[in-house]
Every structure is written in structure tokens, then in C-alpha cells.
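Coordinates as given in target.txt (compact mmCIF, C-alpha atoms):
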```
# COMPACT_ATOMS: atom_id res chain seq x y z
CA MET P 1 12.91 85.67 13.09
CA PHE P 2 13.26 85.42 16.89
CA ASP P 3 9.50 85.82 17.31
CA ARG P 4 9.00 82.88 15.05
CA LEU P 5 11.55 80.77 16.92
CA GLN P 6 9.30 80.98 19.96
CA LYS P 7 6.03 80.38 18.15
CA PRO P 8 4.56 76.95 17.54
CA PHE P 9 3.02 76.27 14.16
CA LEU P 10 -0.59 75.23 13.64
CA THR P 11 -1.27 71.52 13.99
CA VAL P 12 -4.35 69.38 13.39
CA GLU P 13 -6.11 67.27 16.05
CA THR P 14 -3.96 64.24 15.28
CA GLY P 15 -0.78 66.19 16.01
CA GLU P 16 0.85 66.78 12.63
CA ALA P 17 1.41 70.16 10.95
CA TYR P 18 -1.54 71.79 9.21
CA GLN P 19 -0.67 71.70 5.51
CA PRO P 20 -3.69 71.61 3.18
CA ILE P 21 -3.47 68.98 0.47
CA LYS P 22 -5.94 68.00 -2.23
CA LEU P 23 -5.91 64.53 -3.80
CA ASN P 24 -7.37 64.44 -7.30
CA TYR P 25 -8.72 61.16 -8.74
CA ASN P 26 -9.94 60.22 -12.19
CA LEU P 27 -13.55 59.16 -11.76
CA LEU P 28 -14.29 56.29 -14.15
CA GLN P 29 -17.61 54.93 -12.83
CA LYS P 30 -19.54 57.53 -10.89
CA ASP P 31 -22.55 55.40 -9.91
CA LYS P 32 -20.40 52.56 -8.64
CA LEU P 33 -18.24 55.01 -6.70
CA ILE P 34 -21.25 56.56 -4.96
CA GLU P 35 -22.49 53.10 -4.13
CA ALA P 36 -19.09 52.12 -2.70
CA LEU P 37 -18.73 55.34 -0.69
CA ASN P 38 -22.22 55.02 0.78
CA LYS P 39 -21.35 51.54 2.06
CA LEU P 40 -18.39 52.74 4.11
CA LYS P 41 -19.12 53.36 7.77
CA CYS P 42 -16.17 55.73 8.15
CA LEU P 43 -17.85 58.13 5.71
CA LYS P 44 -20.88 60.30 6.31
CA LYS P 45 -22.77 61.75 3.36
CA ASN P 46 -23.43 65.47 3.33
CA PRO P 47 -27.20 65.77 2.68
CA SER P 48 -26.97 68.85 0.50
CA ALA P 49 -24.01 68.04 -1.75
CA PRO P 50 -22.19 65.15 -3.43
CA SER P 51 -19.62 65.07 -0.64
CA TRP P 52 -18.75 62.90 2.35
CA ASP P 53 -16.93 63.54 5.61
CA TRP P 54 -14.24 60.98 6.38
CA PHE P 55 -14.07 60.08 10.08
CA TRP P 56 -11.45 58.25 12.12
CA GLN P 57 -13.68 55.27 12.92
CA ALA P 58 -15.01 51.92 11.65
CA GLU P 59 -12.95 50.70 8.66
CA CYS P 60 -10.12 53.14 9.39
CA ASP P 61 -10.22 52.78 13.17
CA ASP P 62 -6.73 51.30 13.31
CA LEU P 63 -5.01 54.10 11.37
CA HIS P 64 -2.06 55.22 13.46
CA PHE P 65 -0.73 58.71 14.04
CA GLU P 66 2.71 58.58 15.68
CA SER P 67 2.37 62.19 16.75
CA LEU P 68 -0.61 61.35 18.91
CA ASP P 69 0.17 58.45 21.21
CA ALA P 70 -1.24 60.16 24.29
CA PHE P 71 -4.45 61.33 22.63
CA LYS P 72 -7.72 60.08 24.14
CA ARG P 73 -10.19 59.37 21.38
CA ASN P 74 -13.86 59.89 22.06
CA PRO P 75 -15.95 57.28 20.22
CA GLU P 76 -18.98 59.56 20.53
CA ARG P 77 -17.19 62.32 18.68
CA PRO P 78 -14.84 60.81 16.10
CA ILE P 79 -12.31 63.09 14.48
CA ARG P 80 -13.03 64.18 10.94
CA LEU P 81 -9.96 63.36 8.88
CA GLY P 82 -11.02 65.03 5.63
CA THR P 83 -13.68 65.63 3.03
CA ILE P 84 -14.44 63.75 -0.18
CA THR P 85 -16.21 65.52 -3.04
CA ILE P 86 -17.45 64.47 -6.46
CA ARG P 87 -17.46 67.18 -9.10
CA GLU P 88 -18.17 66.32 -12.72
CA LYS P 89 -15.81 63.48 -13.69
CA GLN P 90 -13.47 64.04 -10.78
CA LEU P 91 -13.15 62.88 -7.20
CA TYR P 92 -11.35 65.11 -4.69
CA PHE P 93 -10.06 64.48 -1.21
CA SER P 94 -9.47 67.64 0.83
CA LEU P 95 -7.14 66.87 3.72
CA PRO P 96 -5.47 69.13 6.28
CA SER P 97 -2.11 67.35 6.57
CA PHE P 98 0.43 65.37 4.55
CA LYS P 99 0.24 62.49 6.99
CA ARG P 100 -3.50 62.09 6.38
CA ALA P 101 -2.90 62.13 2.62
CA CYS P 102 -0.25 59.41 3.01
CA LEU P 103 -2.76 57.32 4.98
CA ALA P 104 -5.73 58.08 2.73
CA VAL P 105 -4.17 56.98 -0.55
CA PRO P 106 -3.36 53.35 0.41
CA PHE P 107 -6.49 53.09 2.59
CA PHE P 108 -8.90 54.02 -0.21
CA HIS P 109 -6.83 52.11 -2.77
CA LYS P 110 -7.89 48.93 -0.97
CA LEU P 111 -11.54 49.92 -0.79
CA LEU P 112 -12.13 51.51 -4.18
CA PRO P 113 -11.26 49.33 -7.22
CA GLU P 114 -9.13 50.81 -10.01
CA GLU P 115 -11.99 50.30 -12.44
CA ILE P 116 -13.91 52.96 -10.49
CA VAL P 117 -11.27 55.56 -9.56
CA THR P 118 -7.52 56.03 -10.01
CA PRO P 119 -5.33 58.62 -8.23
CA ARG P 120 -4.11 61.31 -10.62
CA ASN P 121 -2.22 63.89 -8.61
CA ALA P 122 -1.94 65.70 -5.27
CA ASP P 123 -1.78 69.49 -4.90
CA PHE P 124 -0.40 71.01 -1.71
CA ILE P 125 1.29 73.96 -0.04
CA ASN P 126 4.95 73.99 0.98
CA LYS P 127 4.55 75.83 4.26
CA VAL P 128 3.26 75.50 7.78
CA PHE P 129 0.97 78.12 9.28
CA GLY P 130 1.12 80.22 12.44
CA LEU P 131 -1.62 79.90 15.07
CA ASP P 132 -2.90 83.37 14.24
CA GLU P 133 -2.27 83.26 10.51
CA ARG P 134 -5.08 83.73 8.02
CA LEU P 135 -5.90 80.31 6.63
CA PRO P 136 -6.72 79.65 3.01
CA HIS P 137 -10.50 79.39 2.58
CA GLY P 138 -10.49 77.11 -0.38
CA PHE P 139 -8.06 75.23 -2.54
CA THR P 140 -9.10 76.93 -5.73
CA GLU P 141 -7.50 80.22 -4.78
CA LEU P 142 -4.22 78.46 -3.95
CA PHE P 143 -3.82 75.94 -6.71
CA LYS P 144 -3.59 77.26 -10.25
CA ASP P 145 -3.65 74.23 -12.50
CA GLU P 146 -1.46 75.77 -15.20
CA GLU P 147 1.20 76.91 -12.74
CA LEU P 148 1.35 73.54 -11.02
CA GLU P 149 1.58 71.72 -14.35
CA ALA P 150 4.32 74.09 -15.54
CA ILE P 151 6.45 73.26 -12.49
CA VAL P 152 6.03 69.51 -13.07
CA ARG P 153 6.74 69.88 -16.79
CA GLN P 154 9.90 71.93 -16.25
CA ARG P 155 11.22 69.49 -13.68
CA LEU P 156 10.63 66.51 -15.96
CA GLU P 157 12.27 68.27 -18.91
CA ASP P 158 15.38 68.94 -16.83
CA TYR P 159 15.40 65.36 -15.66
CA HIS P 160 15.09 63.96 -19.17
CA LYS P 161 18.10 66.04 -20.24
CA THR P 162 20.03 64.50 -17.34
CA GLN P 163 18.87 61.03 -18.40
CA GLU P 164 20.26 61.66 -21.90
CA ARG P 165 23.60 62.71 -20.44
CA CYS P 166 23.61 59.56 -18.30
CA GLU P 167 23.02 57.41 -21.36
CA GLN P 168 25.92 59.07 -23.17
CA ALA P 169 28.34 58.64 -20.24
CA ALA P 170 31.32 56.37 -20.86
CA THR P 171 31.02 54.41 -17.62
CA ALA P 172 28.39 53.59 -15.02
CA GLU P 173 30.35 55.62 -12.45
CA GLU P 174 30.32 58.66 -14.72
CA ALA P 175 26.57 58.24 -15.32
CA PHE P 176 25.96 58.01 -11.60
CA GLY P 177 28.07 61.13 -11.07
CA VAL P 178 25.89 63.06 -13.55
CA LEU P 179 22.70 61.82 -11.90
CA SER P 180 23.79 62.54 -8.33
CA GLU P 181 25.01 66.02 -9.30
CA TYR P 182 21.59 66.72 -10.85
CA THR P 183 19.61 65.50 -7.82
CA LYS P 184 21.90 67.36 -5.42
CA THR P 185 21.47 70.64 -7.34
CA GLU P 186 17.71 70.27 -7.86
CA ALA P 187 17.00 69.15 -4.30
CA GLY P 188 19.02 72.11 -3.02
CA LYS P 189 16.69 74.64 -4.69
CA ARG P 190 13.97 76.52 -2.86
CA LEU P 191 10.57 74.84 -3.17
CA PRO P 192 7.63 76.64 -4.81
CA TYR P 193 4.74 77.86 -2.62
CA ALA P 194 2.29 75.37 -4.12
CA GLU P 195 3.25 72.15 -5.81
CA ARG P 196 1.86 69.00 -7.43
CA TYR P 197 2.72 65.32 -7.09
CA VAL P 198 1.80 63.17 -10.07
CA PHE P 199 0.86 59.55 -9.41
CA GLN P 200 2.29 57.07 -11.92
CA PRO P 201 -0.34 54.98 -13.69
CA ASP P 202 -0.04 51.17 -13.93
CA THR P 203 2.20 50.80 -10.93
CA GLN P 204 2.91 47.12 -10.37
CA ASP P 205 3.59 47.38 -6.67
CA PRO P 206 1.26 49.98 -5.11
CA ASP P 207 2.77 49.69 -1.63
CA ILE P 208 6.19 50.73 -2.94
CA ALA P 209 4.62 53.52 -4.97
CA PHE P 210 2.91 54.80 -1.80
CA LEU P 211 6.29 54.78 -0.08
CA GLY P 212 7.53 57.09 -2.83
CA PHE P 213 4.58 59.41 -2.19
CA TYR P 214 5.40 59.37 1.53
CA ILE P 215 9.08 60.22 0.92
CA PHE P 216 8.03 63.02 -1.44
CA LEU P 217 5.69 64.61 1.13
CA ARG P 218 7.73 63.83 4.24
CA GLY P 219 10.72 65.71 2.81
CA ARG P 220 8.58 68.76 2.14
CA GLU P 221 7.01 68.64 5.60
CA LEU P 222 10.50 68.62 7.13
CA VAL P 223 11.59 71.55 4.97
CA ALA P 224 8.49 73.57 5.95
CA ILE P 225 8.96 72.90 9.68
CA LYS P 226 12.74 73.59 9.66
CA ARG P 227 12.17 76.83 7.80
CA TRP P 228 9.44 77.83 10.24
CA PHE P 229 11.97 77.50 13.05
CA GLY P 230 14.45 79.72 11.21
CA ASP P 231 16.64 77.22 9.34
CA SER P 232 16.27 79.11 6.08
CA GLY P 233 19.01 77.15 4.30
CA TYR P 234 17.37 73.76 4.92
CA SER P 235 16.48 72.10 1.64
CA LEU P 236 14.92 68.99 0.19
CA ALA P 237 18.44 67.57 -0.17
CA ASP P 238 18.91 67.83 3.63
CA ALA P 239 15.51 66.23 4.18
CA ALA P 240 16.42 63.37 1.82
CA ASP P 241 19.64 62.85 3.78
CA GLU P 242 17.66 62.65 7.02
CA THR P 243 15.25 60.19 5.44
CA VAL P 244 18.13 57.98 4.29
CA GLU P 245 19.58 58.14 7.78
CA GLN P 246 16.23 57.11 9.28
CA VAL P 247 15.57 54.35 6.77
CA PHE P 248 19.08 52.90 6.57
CA GLY P 249 20.51 54.01 9.92
CA GLY P 250 24.18 54.99 9.70
CA MET P 251 24.65 52.56 6.76
CA ASP P 252 27.04 50.66 9.03
CA ILE P 253 28.35 47.74 7.11
CA ASP P 254 29.84 45.18 9.42
CA ILE P 255 31.78 42.25 8.09
CA LEU P 256 30.81 40.42 11.25
CA ASP P 257 27.61 38.41 10.88
CA MET N 1 57.57 50.43 10.29
CA ALA N 2 58.74 47.52 12.37
CA ALA N 3 57.02 45.65 15.16
CA THR N 4 58.84 45.23 18.44
CA PRO N 5 58.91 41.72 19.93
CA LYS N 6 56.58 42.90 22.64
CA GLN N 7 54.06 44.19 20.11
CA THR N 8 54.27 41.05 18.05
CA GLN N 9 53.66 39.01 21.15
CA ALA N 10 50.66 41.20 21.99
CA VAL N 11 49.24 40.74 18.51
CA GLN N 12 49.77 37.03 18.68
CA SER N 13 48.05 36.83 22.04
CA ALA N 14 45.14 38.81 20.69
CA LEU N 15 44.89 36.57 17.64
CA VAL N 16 45.01 33.45 19.72
CA ASP N 17 42.30 34.93 21.93
CA GLY N 18 40.32 35.53 18.78
CA GLY N 19 40.69 31.89 17.84
CA MET N 20 43.04 32.22 14.86
CA SER N 21 45.34 29.22 14.69
CA ALA N 22 47.87 30.66 12.22
CA ALA N 23 48.47 33.76 14.28
CA ASP N 24 52.21 33.23 14.65
CA LYS N 25 52.67 33.41 10.88
CA LEU N 26 51.49 37.01 10.67
CA SER N 27 53.55 40.06 11.52
CA LEU N 28 52.15 43.28 12.88
CA HIS N 29 53.00 44.94 9.58
CA ASP N 30 51.01 42.31 7.71
CA LEU N 31 48.10 42.77 10.04
CA GLN N 32 48.19 46.51 9.73
CA GLN N 33 48.24 46.25 5.95
CA VAL N 34 45.33 43.82 6.01
CA LYS N 35 43.40 46.08 8.32
CA LYS N 36 44.03 49.09 6.07
CA VAL N 37 42.81 47.21 3.02
CA ILE N 38 39.69 46.05 4.82
CA GLU N 39 38.91 49.49 6.15
CA ALA N 40 39.49 51.16 2.79
CA SER N 41 37.20 48.75 0.94
CA VAL N 42 34.49 48.95 3.60
CA ASP N 43 34.82 52.72 3.59
CA ARG N 44 34.52 52.87 -0.22
CA ALA N 45 31.46 50.62 -0.22
CA GLU N 46 29.84 52.57 2.61
CA LYS N 47 30.41 55.89 0.87
CA MET N 48 29.14 54.53 -2.43
CA ASN N 49 26.04 53.03 -0.83
CA ILE N 50 25.26 56.24 1.02
CA ALA N 51 25.72 58.27 -2.20
CA ILE N 52 23.44 55.89 -4.10
CA ALA N 53 20.79 55.89 -1.35
CA LYS N 54 20.86 59.70 -1.12
CA THR N 55 20.51 60.11 -4.86
CA GLY N 56 17.64 57.59 -4.90
CA ALA N 57 15.89 59.43 -2.06
CA GLN N 58 16.41 62.75 -3.84
CA LEU N 59 14.92 61.36 -7.07
CA LEU N 60 11.85 60.29 -5.11
CA ALA N 61 11.72 63.61 -3.26
CA LEU N 62 11.85 65.51 -6.55
CA GLY N 63 9.01 63.37 -7.86
CA VAL N 64 10.73 62.71 -11.20
CA GLU N 65 10.84 59.00 -10.46
CA ASN N 66 8.70 56.83 -8.25
CA ALA N 67 9.91 54.02 -6.05
CA THR N 68 9.09 51.36 -8.64
CA SER N 69 10.90 53.04 -11.53
CA VAL N 70 13.87 51.51 -13.36
CA PRO N 71 16.53 54.01 -12.13
CA VAL N 72 15.48 53.63 -8.50
CA LYS N 73 15.39 49.83 -8.81
CA ALA N 74 18.85 49.93 -10.42
CA MET N 75 20.14 51.94 -7.48
CA VAL N 76 18.73 49.51 -4.97
CA ARG N 77 20.43 46.69 -6.93
CA ALA N 78 23.75 48.59 -6.86
CA ILE N 79 23.51 48.91 -3.08
CA GLU N 80 22.74 45.21 -2.78
CA GLN N 81 25.72 44.35 -5.00
CA ASN N 82 28.01 46.46 -2.85
CA LEU N 83 26.78 44.69 0.25
CA ALA N 84 27.07 41.30 -1.45
CA GLN N 85 30.68 42.01 -2.37
CA LEU N 86 31.49 42.79 1.22
CA ASN N 87 29.59 39.80 2.42
CA GLY N 88 31.08 37.57 -0.28
CA LEU N 89 34.10 36.72 1.83
CA ASN N 90 34.12 33.13 2.97
CA ALA N 91 33.94 32.25 6.65
CA GLU N 92 37.71 31.70 6.94
CA GLN N 93 38.52 35.01 5.27
CA LYS N 94 36.03 36.81 7.47
CA GLN N 95 37.49 35.26 10.59
CA ALA N 96 41.02 36.17 9.49
CA LEU N 97 40.02 39.76 8.85
CA VAL N 98 38.14 40.02 12.10
CA ASN N 99 41.09 38.63 13.99
CA ALA N 100 43.50 40.91 12.18
CA LYS N 101 41.41 43.94 13.07
CA LYS N 102 41.11 42.79 16.64
CA GLY N 103 44.85 42.11 16.94
CA VAL N 104 45.91 45.46 15.55
CA ASP N 105 43.29 47.28 17.60
CA ASN N 106 44.63 45.61 20.75
CA VAL N 107 48.22 46.54 19.98
CA GLU N 108 47.23 50.09 19.20
CA ARG N 109 45.20 50.30 22.39
CA ASN N 110 48.03 48.87 24.48
CA THR N 111 50.67 51.15 23.06
CA SER N 112 48.77 54.36 22.42
CA HIS N 113 49.12 55.78 25.94
CA ARG N 114 52.90 55.27 26.06
CA PRO N 115 55.28 58.00 24.99
CA GLY N 116 57.50 57.28 22.00
CA ARG N 117 55.32 54.61 20.38
CA SER N 118 57.55 52.59 18.12
CA SER N 119 54.85 51.02 16.00
CA GLU N 120 53.55 54.24 14.43
```

Represent the structure from my file as C-alpha cells, please.
Amino acid sequence: MFDRLQKPFLTVETGEAYQPIKLNYNLLQKDKLIEALNKLKCLKKNPSAPSWDWFWQAECDDLHFESLDAFKRNPERPIRLGTITIREKQLYFSLPSFKRACLAVPFFHKLLPEEIVTPRNADFINKVFGLDERLPHGFTELFKDEELEAIVRQRLEDYHKTQERCEQAATAEEAFGVLSEYTKTEAGKRLPYAERYVFQPDTQDPDIAFLGFYIFLRGRELVAIKRWFGDSGYSLADAADETVEQVFGGMDIDILD
Amino acid sequence: MAATPKQTQAVQSALVDGGMSAADKLSLHDLQQVKKVIEASVDRAEKMNIAIAKTGAQLLALGVENATSVPVKAMVRAIEQNLAQLNGLNAEQKQALVNAKKGVDNVERNTSHRPGRSSE
């Protein structure tokens, strides 16, 4: 424990924690996608495979990483932010941090029409890594589709039971009490090693949906970092509290205008 | 709990400073009651809003709802309603409450360091 308190965790070039994440998209029009990807100057095609490297340049030059204000970028050697791969009827983004995933989803949403690809889910690991720790070689060994789906399914089943109880409650206050008790209990539980986020189809306001994705991942990043530094009791509920504090401040309501 | 003449005078001065014309019609007791009511309702609304915001954030963090879902939207509306209720006071009521708070705060500040406070 005390060893770990002294040790920094592994970070990527842009400053955030290394936490592998894989974005999975439904590929609807492969030819049009390839055409669109080849047009982007921030992507570079791998000559031997249907994959592209995504660089911090050109169309995505103004992406901002708060963790890296002092970093001197070298235009001759742009940072590779991730890798994009086409496999059968799927498109995958392999990214080394949650922050990059949160930037990638809205960025590519603007560039790639929904008729061509739609985001399906994101698979990731709920931990940060030590500098000398063995890193996972590939995502396949980490993400077991059935296990990830089972976690999502179980969580939704529990939530639907809570929704039923809310609907049967006599008053709105009682319903809210049921709901808040559920979220408090669930968000207090230990997170699984690997997990999946499922994007909702037909979202009317994508920007707000992306905010939800950010809150989902940001909470988990906080949990992983706090636990790395020895705060073993820190949970998603604590992270959500911190997020509320950051978003709404102290919720000070002043009757003075 | 009774206000001494000195305290009443202090409250009145504070109210006049705060620009409330009907200051001399209010007693310290009245002001303290008003202040308690204001603080209790603000406190209730604050606690409720924080509870709603935390639950909304936890729903998003669990991934069982997204930010555009009906429950999350309903929560945001509830927070807005709470704020609207607090902000629904008219300008005169707001000014009266602000002055009342200010007056009582002044009296409490002026008397708190003296032994044997008679207003508490």
C-alpha cells in the first residue's frame, strides 16, 4: 500500500491516465466509410491492413487536453491519439485513455454521417496501470463479450425493478426516495475489472448524450485513480458527488439577484 | 424571547441602512422568525436539489439512463422548479427578506461577543 502511495501511475503523452478503451461502431456502409476516412487529413492509412492511425493534427488540431497545458507540440511529429480498424461489419477505435474516447465520439460524429456508422458501445478497463506493470497486448484477451453483456443486462434488470417500484409509489417523494436509494446502493458497489457502456440509439440531442458518456467515464477514471492512491473505499457514488460539486458548485441558492 | 430596546434600535438601524421603509413596524422576534422560515425553506430546497442532482449523476454514472432520458430530464425539471419557487418571490418580498436577514445578522453580530446575551 505505502509503495503504491509513492508511485505514479502510467499516463499517455497528453497527460491523462492510461486506460485502454475500445469504441465499437455498427458499420452500415463500408465503402462510403473508407472513402470518408481516406479524406481526413488527421488519419493515416496503414498500408497492410484496413486500419488508420488517428493523429492530433489537421481537422482535430484544436482538440484540448486540460492535463497538458505546458506541452510543446511538434508539428513534424504529431501525437498518435488512437487506431481505427475495420473488421467485417464493424468499426473499432482503440484508444489509450477515457479522455481521448470522450473527444473521439463527438469529433467523429460530426465527420461520419449516421447513415454510414453509428456508435454501439465502449469496452474499457476500470483500473490505472503502474509504470512497470505488464500492459495488456490486445483488447480481445481483456474483453469477453458475454461477460460484458451479462454485467449490462444485470444492471438494467435491477434498474427496471426499481422503475416498477417507483411507478407503484404513492407519492413523487416516495418514488424519488426509492430511486435515490437504488442509485446510492448501486453506485457504492465495487466496479468490475472490465465494463461496457452502451450508446443509446436515436438520441435527439447528441451533445447531451456525449455529456452522459463523459460523466460515465469520468466517474470511473476518478475511482481508478483514487484507488491507486490507496483510497480503497472510494466508489462511483463519491465520484458522482464530486462531479455534481464541479458542475453545480456548492449548489448555493441565493435569494439575492 | 424578547428584544431589548437597544437591540430593537440596532435592528431598526440595520433595516433603515438596508433601505426598508417599514422597519419600525417589525420586532426582532418577527425578524428572527422570518429569518428562520427563509433559512429553513432555502435549506430544504438546497438539500432537495443536491439529492436530485446526485441521483441524476449516479444514474448517468451507472449507465442505466443517458442524459437525454425521461427520468434525468424529469430530475432537471424538478431542480428548476425548486429554484423557480425560491426565485418566485416578488421584488418587495425579496427585499424584505434580505433586510430581515441583514437586520438579525447585525444584531447577532453586535451582541454575540457580550456576556449574558439577552436575545438568545

Could you please tell me, as a count of residues only, which residues of chain P have an atom within 8 Å of chain N when using only C-alpha atoms? 35

As an exercise, work out the distance from atom CA of Glu157 of chain P to atom CA of Ala170 of chain P in Å and give it to one decimal place. 22.5 Å

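Rounded to one decimal, atom CA of Cys42 of chain P and atom CA of Pro201 of chain P lie 27.0 Å from each other.
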
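Coordinates place atom CA of Leu10 of chain P at a distance of 23.1 Å from atom CA of Glu242 of chain P.
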
Determine, counting all atoms listed in the file, which protein, DNA and RNA residues have an atom within 10 Å of an atom of Gln29 of chain P; residues of the same chain fewer than 2 positions away are not included. Present the result as a PDB file with C-alpha atoms, in the frame of the given file.
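The resulting file, out-v6.pdb, is shown below:
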```pdb
ATOM      1  CA  ASN P  26      -9.940  60.220 -12.190  1.00  0.00           C
ATOM      2  CA  LEU P  27     -13.550  59.160 -11.760  1.00  0.00           C
ATOM      3  CA  ASP P  31     -22.550  55.400  -9.910  1.00  0.00           C
ATOM      4  CA  LYS P  32     -20.400  52.560  -8.640  1.00  0.00           C
ATOM      5  CA  LEU P  33     -18.240  55.010  -6.700  1.00  0.00           C
ATOM      6  CA  ILE P  34     -21.250  56.560  -4.960  1.00  0.00           C
ATOM      7  CA  LYS P  89     -15.810  63.480 -13.690  1.00  0.00           C
ATOM      8  CA  GLU P 114      -9.130  50.810 -10.010  1.00  0.00           C
ATOM      9  CA  GLU P 115     -11.990  50.300 -12.440  1.00  0.00           C
ATOM     10  CA  ILE P 116     -13.910  52.960 -10.490  1.00  0.00           C
ATOM     11  CA  VAL P 117     -11.270  55.560  -9.560  1.00  0.00           C
TER      12      VAL P 117
END
```

Within 8 Å of Thr162 of chain P using all atoms listed in the file, minus same-chain residues under 3 positions, as an mmCIF file with C-alpha atoms, keeping the file's coordinate frame:
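This is the output file part02.cif:
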```cif
data_model
loop_
_atom_site.group_PDB
_atom_site.id
_atom_site.type_symbol
_atom_site.label_atom_id
_atom_site.label_comp_id
_atom_site.auth_asym_id
_atom_site.auth_seq_id
_atom_site.Cartn_x
_atom_site.Cartn_y
_atom_site.Cartn_z
ATOM 1 C CA ASP P 158 15.380 68.940 -16.830
ATOM 2 C CA TYR P 159 15.400 65.360 -15.660
ATOM 3 C CA ARG P 165 23.600 62.710 -20.440
ATOM 4 C CA CYS P 166 23.610 59.560 -18.300
ATOM 5 C CA VAL P 178 25.890 63.060 -13.550
ATOM 6 C CA LEU P 179 22.700 61.820 -11.900
ATOM 7 C CA TYR P 182 21.590 66.720 -10.850
#
```

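For Leu95 of chain P, the list of residues within 6 Å, based on all atoms listed in the file and with local chain neighbours fewer than 2 positions off taken out, reads Pro20, Ile21, Gly82 and Ser97 of chain P.
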
Between P:Glu147, P:Phe65, P:Lys127, P:Glu174, which one has atoms that come closest to Ile225 of chain P, using only C-alpha atoms? P:Lys127

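Checking P:Pro47, P:Gly188, P:Pro96, P:Pro106 one by one against Phe210 of chain P, counting all atoms listed in the file, you find the shortest gap at P:Pro106.
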
Output file: segment 49-74 of chain N, N, CA and C atoms, as a tab-separated table (two decimals), in the first residue's frame:
```
chain	number	residue	atom	x	y	z
N	49	ASN	N	-32.42	19.76	-4.00
N	49	ASN	CA	-31.74	19.90	-5.30
N	49	ASN	C	-30.45	19.10	-5.35
N	50	ILE	N	-29.71	19.11	-4.25
N	50	ILE	CA	-28.46	18.34	-4.22
N	50	ILE	C	-28.77	16.85	-4.34
N	51	ALA	N	-29.81	16.41	-3.60
N	51	ALA	CA	-30.18	14.98	-3.66
N	51	ALA	C	-30.60	14.59	-5.08
N	52	ILE	N	-31.37	15.45	-5.71
N	52	ILE	CA	-31.83	15.16	-7.08
N	52	ILE	C	-30.64	15.13	-8.04
N	53	ALA	N	-29.76	16.14	-7.91
N	53	ALA	CA	-28.60	16.20	-8.82
N	53	ALA	C	-27.68	14.99	-8.63
N	54	LYS	N	-27.50	14.58	-7.35
N	54	LYS	CA	-26.64	13.41	-7.09
N	54	LYS	C	-27.24	12.15	-7.68
N	55	THR	N	-28.54	11.99	-7.49
N	55	THR	CA	-29.20	10.80	-8.03
N	55	THR	C	-29.12	10.79	-9.55
N	56	GLY	N	-29.32	11.96	-10.17
N	56	GLY	CA	-29.21	12.06	-11.63
N	56	GLY	C	-27.82	11.70	-12.10
N	57	ALA	N	-26.81	12.23	-11.41
N	57	ALA	CA	-25.42	11.94	-11.78
N	57	ALA	C	-25.11	10.45	-11.59
N	58	GLN	N	-25.68	9.87	-10.53
N	58	GLN	CA	-25.44	8.43	-10.30
N	58	GLN	C	-26.12	7.57	-11.36
N	59	LEU	N	-27.30	8.00	-11.81
N	59	LEU	CA	-27.98	7.25	-12.89
N	59	LEU	C	-27.12	7.26	-14.16
N	60	LEU	N	-26.54	8.44	-14.44
N	60	LEU	CA	-25.67	8.55	-15.62
N	60	LEU	C	-24.40	7.72	-15.42
N	61	ALA	N	-23.86	7.79	-14.22
N	61	ALA	CA	-22.62	7.05	-13.93
N	61	ALA	C	-22.83	5.54	-14.00
N	62	LEU	N	-24.03	5.10	-13.64
N	62	LEU	CA	-24.32	3.67	-13.73
N	62	LEU	C	-24.58	3.24	-15.17
N	63	GLY	N	-24.93	4.21	-16.00
N	63	GLY	CA	-25.16	3.89	-17.41
N	63	GLY	C	-26.54	3.32	-17.68
N	64	VAL	N	-27.43	3.36	-16.68
N	64	VAL	CA	-28.78	2.81	-16.90
N	64	VAL	C	-29.70	3.85	-17.54
N	65	GLU	N	-29.28	5.09	-17.52
N	65	GLU	CA	-30.01	6.14	-18.22
N	65	GLU	C	-28.97	7.02	-18.89
N	66	ASN	N	-29.35	7.65	-20.00
N	66	ASN	CA	-28.43	8.64	-20.55
N	66	ASN	C	-28.99	10.03	-20.26
N	67	ALA	N	-28.20	11.03	-20.60
N	67	ALA	CA	-28.56	12.39	-20.19
N	67	ALA	C	-29.82	12.91	-20.86
N	68	THR	N	-30.27	12.24	-21.93
N	68	THR	CA	-31.49	12.72	-22.61
N	68	THR	C	-32.72	11.90	-22.21
N	69	SER	N	-32.57	11.00	-21.26
N	69	SER	CA	-33.69	10.12	-20.92
N	69	SER	C	-34.75	10.84	-20.10
N	70	VAL	N	-35.94	10.26	-20.05
N	70	VAL	CA	-37.07	10.89	-19.36
N	70	VAL	C	-36.79	11.09	-17.86
N	71	PRO	N	-36.29	10.07	-17.13
N	71	PRO	CA	-36.05	10.29	-15.69
N	71	PRO	C	-35.04	11.41	-15.43
N	72	VAL	N	-33.99	11.47	-16.23
N	72	VAL	CA	-32.97	12.50	-15.99
N	72	VAL	C	-33.55	13.88	-16.32
N	73	LYS	N	-34.33	13.95	-17.41
N	73	LYS	CA	-34.97	15.23	-17.75
N	73	LYS	C	-35.94	15.66	-16.64
N	74	ALA	N	-36.67	14.67	-16.08
N	74	ALA	CA	-37.63	14.97	-15.01
N	74	ALA	C	-36.89	15.53	-13.78
```
